[in-house]
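Participant: I have a structure I would like to understand better, so I am pasting it below and will then ask my questions one at a time.
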Amino acid sequence: MTAVAAIAPRRTRTSLTLSVGIALVGLHVVVALLTLFWTPYDPTGMAGGRLEGPSFAHWAGTDRLGRDSLTQIMIGSRIALTVGAGAVGIGALIGVTLGVLAAFATRFLDDVLAAAFDILIAFPTLLLAMLVVAATDSASLFSAILALGVAISAIVGRLTRILAKRVLEMDYITAARTAGTSWAGIVFIHLLPNIWPTLLVNFALQFGLAVIAEASLSYLGLGAPPPNASWGRLLQEAQGTVYTAPFGAIAPGLALVSLVIGMNMLADGLRDIGDPTRRRSR
């Protein structure tokens with residue numbers, strides 16, 4: 001009876017965490033999709049006076065050029081989701097492929113790939129982004145996505161390698177090999193389905209980190225160039241007027257925090273679903 005009573009509150013917390021995460025992320029997805037068809041004002045047009053506070057006409061005020069801040073923040077959601085999805089997609093494609101290859105490779109190749117993963121993980125993401133920008137001769141949304149994707153691929157590759165090695169040691173893998181199952185069959189039938197839940201949680205966490213990293217890059221001028229309204233660029237532009245017009249920095253900051261928290265809560269909820277025996281002391 002005591003065990004049942006202990007499981008029920010935990011399930012409630014898990015359900016609440018996952019629901020809040022889905023709600024926060026879903027809100028940003030809806031806003032991002034909405035910007036493809038409609039925004040309150042023209043993103044590049046001067047909709048009001050400079051540095052106006054929140055009002056019925058401009059719910060988030062206006063920036064230093066007189067543009068509607070809510071419109072800029074809504075477009076920032078689309079950019080953040082694009083960067084997060086693109087970076088995680090590139091990281092997953094490269095990382096899972098190399099991680100599985102390392103698990104099946106000879107000891108020498110495995111050590112080489114493991115060392116490469118460790119070097120890339122130790123390499124600062126912002127410095128890696130600078131190198132990518134230098135290689136492409138311009139700061140762009142694509143260069144930011146590419147740089148973040150390469151950084152994520154090392155983390156995903158290392159995790160995939162560890163998980164794959166554990167699965168390959170299982171008895172049913174030995175039985176599948178004995179039965180004549182091809183290596184491709186082992187990977188797609190036995191390996192990936194068993195490591196996918198853990199990888200999915202990691203993807204959600206990396207998505208949030210990619211959003212923060214993109215905002216940092218844009219703040220430094222290495223992300224999406226104007227007129228793309230990245231949250232990081234909005235924060236950089238509001239830096240000089242943070243005391244006279246603080247809402248210009250508060251609004252994009254809240255948007256950034258809400259998306260990252262939503263992704264972290266989504267990852268936490270997915271982790272609980274994938275590991276029913278997990279216990280948390282709260």
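How things are named: the first chain in the structure tokens is A, the next is B, and so on; residues count from 1 in each chain; ligands count from 1 in the order shown.
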Go through segment 62-158 of chain A and flag each residue having an atom no more than 12 Å from segment 32-41 of chain A; for those, report the closest pair of atoms plus their distance in Å to one decimal, using only C-alpha atoms, ordered by chain and rising number, as a tab-separated table.
Facilitator:
residue	atom	partner	partner_atom	distance
A:Thr62	CA	A:Tyr41	CA	11.1
A:Gly66	CA	A:Tyr41	CA	11.2
A:Arg67	CA	A:Tyr41	CA	8.2
A:Asp68	CA	A:Tyr41	CA	6.6
A:Ser69	CA	A:Tyr41	CA	9.5
A:Leu70	CA	A:Pro40	CA	7.7
A:Thr71	CA	A:Thr39	CA	5.9
A:Gln72	CA	A:Thr39	CA	9.0
A:Ile73	CA	A:Ala32	CA	9.8
A:Met74	CA	A:Ala32	CA	6.5
A:Ile75	CA	A:Thr35	CA	6.2
A:Gly76	CA	A:Ala32	CA	8.1
A:Ser77	CA	A:Ala32	CA	5.4
A:Arg78	CA	A:Ala32	CA	4.3
A:Ile79	CA	A:Ala32	CA	8.1
A:Ala80	CA	A:Ala32	CA	9.0
A:Leu81	CA	A:Ala32	CA	7.7
A:Thr82	CA	A:Ala32	CA	9.2
Participant: Please run DSSP on the backbone and report, as a PyMOL selection string, all residues within segment 62-281 of chain A that come out as helix (DSSP H, G or I).
Facilitator: chain A and resi 69-104+107-122+125-136+141-168+171-178+183-219+231-241+247-274
Participant: Considering only C-alpha atoms, return as a PyMOL selection string whatever protein or nucleic-acid residues lie within 8 Å of Gly61 of chain A, sequence-local ones (same chain, fewer than 5 positions apart) excluded.
Facilitator: chain A and resi 51-55+68-70+247-248
Participant: Can you list, as a PyMOL selection string, every protein, DNA or RNA residue that comes within 9 Å of Val20 of chain A when you count only C-alpha atoms, leaving out same-chain residues fewer than 6 positions away?
Facilitator: chain A and resi 262+265-266
Participant: Take the residues just selected and output them with all heavy atoms as a compact mmCIF listing (two decimals), in the first residue's frame.
Facilitator:
# COMPACT_ATOMS: atom_id res chain seq x y z
N GLY A 262 11.15 25.05 -20.96
CA GLY A 262 10.21 24.11 -21.55
C GLY A 262 10.90 22.88 -22.11
O GLY A 262 10.44 21.76 -21.90
N MET A 265 12.15 20.72 -19.17
CA MET A 265 11.05 19.99 -18.53
C MET A 265 10.55 18.87 -19.44
O MET A 265 10.18 17.79 -18.96
CB MET A 265 9.91 20.96 -18.19
CG MET A 265 10.29 21.99 -17.15
SD MET A 265 8.92 23.10 -16.71
CE MET A 265 7.93 22.01 -15.70
N LEU A 266 10.55 19.12 -20.74
CA LEU A 266 10.17 18.08 -21.69
C LEU A 266 11.15 16.91 -21.62
O LEU A 266 10.76 15.74 -21.61
CB LEU A 266 10.12 18.66 -23.10
CG LEU A 266 9.71 17.71 -24.23
CD1 LEU A 266 8.31 17.18 -24.00
CD2 LEU A 266 9.79 18.45 -25.57
Participant: May I ask which of the residues A:Ile212, A:Leu234, A:Val29, A:Leu163 is the closest one to Ile195 of chain A, counting only C-alpha atoms?
Facilitator: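 Distance minimum relative to Ile195 of chain A lands on A:Leu163.
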Participant: Quick one: residues within 9 Å of Asn202 of chain A, only C-alpha atoms counted, chain neighbours fewer than 6 positions away excluded, as a list in words?
Facilitator: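 Here the qualifying residues turn out to be Val156, Leu159 and Ala267 of chain A.
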Participant: Taking into account only C-alpha atoms, which residue in the set A:Leu259, A:Leu126, A:Leu254, A:Ile121 is nearest to Ala204 of chain A?
Facilitator: A:Leu259
Participant: Between A:Ser15, A:Ser182, A:Thr244, A:Thr125, single out the one closest to Leu222 of chain A, counting only C-alpha atoms.
Facilitator: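 Between A:Ser15, A:Ser182, A:Thr244, A:Thr125, the residue approaching Leu222 of chain A most closely is A:Thr125.
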Participant: Could you tell me which of A:Gly26, A:Asp118, A:Ala87, A:Ala229 comes closest to Ala147 of chain A if we count only C-alpha atoms?
Facilitator: A:Ala87
Participant: Need to verify the contact set: Thr198 of chain A, 12 Å, only C-alpha atoms, exclusion of same-chain residues closer than 4 positions in sequence. Can you return it as a list in words?
Facilitator: Val156, Leu159, Thr160, Ile162, Leu163, Ala164, Leu192, Pro193, Asn194, Asn202, Phe203, Ala204, Leu205, Ala267, Asp268, Leu270, Arg271, Asp272, Ile273, Gly274 and Asp275 of chain A
Participant: What does the file look like for those residues with N, CA, C and O atoms, as a short mmCIF file (atom, residue, chain, number, x, y, z; two decimals), in the first residue's frame?
Facilitator:
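To be explicit, this is the file written out as result_11.cif:
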data_model
loop_
_atom_site.label_atom_id
_atom_site.label_comp_id
_atom_site.auth_asym_id
_atom_site.auth_seq_id
_atom_site.Cartn_x
_atom_site.Cartn_y
_atom_site.Cartn_z
N VAL A 156 26.58 13.74 -28.83
CA VAL A 156 25.71 12.64 -29.24
C VAL A 156 26.52 11.41 -29.62
O VAL A 156 26.17 10.28 -29.28
N LEU A 159 27.83 9.63 -26.46
CA LEU A 159 26.74 8.92 -25.78
C LEU A 159 26.30 7.70 -26.57
O LEU A 159 26.07 6.62 -26.00
N THR A 160 26.17 7.85 -27.89
CA THR A 160 25.77 6.72 -28.74
C THR A 160 26.78 5.59 -28.65
O THR A 160 26.41 4.41 -28.57
N ILE A 162 28.75 4.80 -26.15
CA ILE A 162 28.64 4.13 -24.86
C ILE A 162 27.40 3.23 -24.82
O ILE A 162 27.46 2.07 -24.40
N LEU A 163 26.27 3.77 -25.26
CA LEU A 163 25.03 3.00 -25.23
C LEU A 163 25.11 1.80 -26.17
O LEU A 163 24.64 0.70 -25.84
N ALA A 164 25.68 2.02 -27.36
CA ALA A 164 25.75 0.93 -28.33
C ALA A 164 26.63 -0.21 -27.83
O ALA A 164 26.32 -1.38 -28.02
N LEU A 192 19.41 0.42 -32.49
CA LEU A 192 18.79 1.75 -32.42
C LEU A 192 17.49 1.78 -31.62
O LEU A 192 17.28 2.71 -30.84
N PRO A 193 16.59 0.80 -31.77
CA PRO A 193 15.37 0.84 -30.94
C PRO A 193 15.63 0.82 -29.44
O PRO A 193 14.83 1.34 -28.67
N ASN A 194 16.75 0.23 -29.02
CA ASN A 194 17.05 0.13 -27.59
C ASN A 194 17.75 1.36 -27.03
O ASN A 194 17.67 1.62 -25.83
N ASN A 202 18.42 13.16 -24.62
CA ASN A 202 19.61 13.97 -24.85
C ASN A 202 19.38 15.00 -25.94
O ASN A 202 19.86 16.14 -25.85
N PHE A 203 18.63 14.63 -26.98
CA PHE A 203 18.32 15.58 -28.05
C PHE A 203 17.55 16.77 -27.50
O PHE A 203 17.79 17.93 -27.89
N ALA A 204 16.59 16.51 -26.61
CA ALA A 204 15.81 17.59 -26.02
C ALA A 204 16.70 18.52 -25.20
O ALA A 204 16.56 19.76 -25.26
N LEU A 205 17.62 17.96 -24.45
CA LEU A 205 18.55 18.78 -23.67
C LEU A 205 19.47 19.58 -24.58
O LEU A 205 19.71 20.78 -24.34
N ALA A 267 12.44 17.23 -21.55
CA ALA A 267 13.45 16.18 -21.43
C ALA A 267 13.30 15.43 -20.12
O ALA A 267 13.45 14.20 -20.07
N ASP A 268 13.00 16.16 -19.04
CA ASP A 268 12.83 15.52 -17.74
C ASP A 268 11.64 14.57 -17.76
O ASP A 268 11.69 13.46 -17.22
N LEU A 270 10.34 13.10 -20.44
CA LEU A 270 10.68 11.96 -21.30
C LEU A 270 11.61 10.98 -20.58
O LEU A 270 11.51 9.77 -20.76
N ARG A 271 12.50 11.51 -19.75
CA ARG A 271 13.41 10.64 -19.01
C ARG A 271 12.63 9.78 -18.01
O ARG A 271 12.91 8.59 -17.84
N ASP A 272 11.65 10.36 -17.36
CA ASP A 272 10.84 9.59 -16.42
C ASP A 272 10.02 8.52 -17.12
O ASP A 272 9.82 7.42 -16.60
N ILE A 273 9.51 8.84 -18.30
CA ILE A 273 8.74 7.86 -19.05
C ILE A 273 9.64 6.70 -19.50
O ILE A 273 9.26 5.53 -19.43
N GLY A 274 10.85 7.04 -19.93
CA GLY A 274 11.77 6.00 -20.40
C GLY A 274 12.37 5.17 -19.29
O GLY A 274 12.84 4.06 -19.52
N ASP A 275 12.35 5.68 -18.05
CA ASP A 275 12.92 4.95 -16.91
C ASP A 275 11.90 4.93 -15.78
O ASP A 275 11.94 5.77 -14.89
#
Participant: I'd like the interatomic distance between atom CA of Leu256 of chain A and atom CA of Val132 of chain A, to a tenth of an Å.
Facilitator: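 Computing the Euclidean distance for atom CA of Leu256 of chain A and atom CA of Val132 of chain A yields 24.2 Å.
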Participant: For each of A:Ala57, A:Ile152, A:Thr178, A:Pro43, take the minimum atom-to-atom distance to Pro226 of chain A, counting only C-alpha atoms, then give the residue where this is smallest.
Facilitator: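 Smallest separation from Pro226 of chain A among the options: A:Pro43.
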Participant: Find the residues near Gly157 of chain A: any atom within 9 Å, counting only C-alpha atoms, skip ones fewer than 4 places away on the same chain, and give them as a list in words.
Facilitator: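 Final neighbour list, sorted by chain and number: Gly91, Ala92, Ile94, Gly95, Val96, Thr97, Leu98, Gly99, Val100, Ala102, Leu113, Ala114, Phe117, Ile152, Ser153, Arg161 and Ile162 of chain A.
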Participant: Those residues you just picked out, can you put them in a file as an mmCIF file, in the first residue's frame with N, CA and C atoms?
Facilitator:
data_model
loop_
_atom_site.group_PDB
_atom_site.id
_atom_site.type_symbol
_atom_site.label_atom_id
_atom_site.label_comp_id
_atom_site.auth_asym_id
_atom_site.auth_seq_id
_atom_site.Cartn_x
_atom_site.Cartn_y
_atom_site.Cartn_z
ATOM 1 N N GLY A 91 23.619 17.353 -35.573
ATOM 2 C CA GLY A 91 24.342 16.637 -34.524
ATOM 3 C C GLY A 91 23.920 15.186 -34.410
ATOM 4 N N ALA A 92 22.613 14.930 -34.559
ATOM 5 C CA ALA A 92 22.113 13.556 -34.468
ATOM 6 C C ALA A 92 22.591 12.721 -35.646
ATOM 7 N N ILE A 94 25.255 13.134 -37.616
ATOM 8 C CA ILE A 94 26.691 12.856 -37.559
ATOM 9 C C ILE A 94 27.030 12.015 -36.330
ATOM 10 N N GLY A 95 26.487 12.420 -35.183
ATOM 11 C CA GLY A 95 26.847 11.773 -33.928
ATOM 12 C C GLY A 95 26.407 10.321 -33.840
ATOM 13 N N VAL A 96 25.161 10.043 -34.215
ATOM 14 C CA VAL A 96 24.670 8.665 -34.147
ATOM 15 C C VAL A 96 25.440 7.778 -35.125
ATOM 16 N N THR A 97 25.691 8.300 -36.316
ATOM 17 C CA THR A 97 26.437 7.517 -37.312
ATOM 18 C C THR A 97 27.833 7.169 -36.823
ATOM 19 N N LEU A 98 28.563 8.174 -36.320
ATOM 20 C CA LEU A 98 29.931 7.926 -35.859
ATOM 21 C C LEU A 98 29.937 7.103 -34.572
ATOM 22 N N GLY A 99 28.944 7.317 -33.700
ATOM 23 C CA GLY A 99 28.876 6.556 -32.462
ATOM 24 C C GLY A 99 28.646 5.081 -32.711
ATOM 25 N N VAL A 100 27.735 4.766 -33.624
ATOM 26 C CA VAL A 100 27.491 3.361 -33.972
ATOM 27 C C VAL A 100 28.714 2.776 -34.659
ATOM 28 N N ALA A 102 31.813 3.628 -34.180
ATOM 29 C CA ALA A 102 32.835 3.392 -33.161
ATOM 30 C C ALA A 102 32.549 2.125 -32.375
ATOM 31 N N LEU A 113 38.119 7.615 -32.791
ATOM 32 C CA LEU A 113 36.832 8.311 -32.740
ATOM 33 C C LEU A 113 36.534 8.813 -31.331
ATOM 34 N N ALA A 114 36.851 8.007 -30.320
ATOM 35 C CA ALA A 114 36.625 8.432 -28.940
ATOM 36 C C ALA A 114 37.455 9.671 -28.608
ATOM 37 N N PHE A 117 35.877 12.684 -30.295
ATOM 38 C CA PHE A 117 34.719 13.154 -29.542
ATOM 39 C C PHE A 117 35.153 13.992 -28.337
ATOM 40 N N ILE A 152 27.344 19.613 -31.136
ATOM 41 C CA ILE A 152 26.395 18.642 -30.580
ATOM 42 C C ILE A 152 26.743 17.231 -31.033
ATOM 43 N N SER A 153 27.243 17.092 -32.251
ATOM 44 C CA SER A 153 27.539 15.758 -32.782
ATOM 45 C C SER A 153 28.547 15.011 -31.920
ATOM 46 N N ARG A 161 28.042 5.916 -28.668
ATOM 47 C CA ARG A 161 29.099 4.894 -28.568
ATOM 48 C C ARG A 161 28.966 4.111 -27.268
ATOM 49 N N ILE A 162 28.754 4.800 -26.154
ATOM 50 C CA ILE A 162 28.640 4.126 -24.859
ATOM 51 C C ILE A 162 27.402 3.235 -24.821
#
Participant: Taking only C-alpha atoms into account, which of A:Leu93, A:His58, A:Leu24, A:Met46 comes nearest Leu199 of chain A?
Facilitator: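 Under the stated criterion, the closest residue is A:Leu93.
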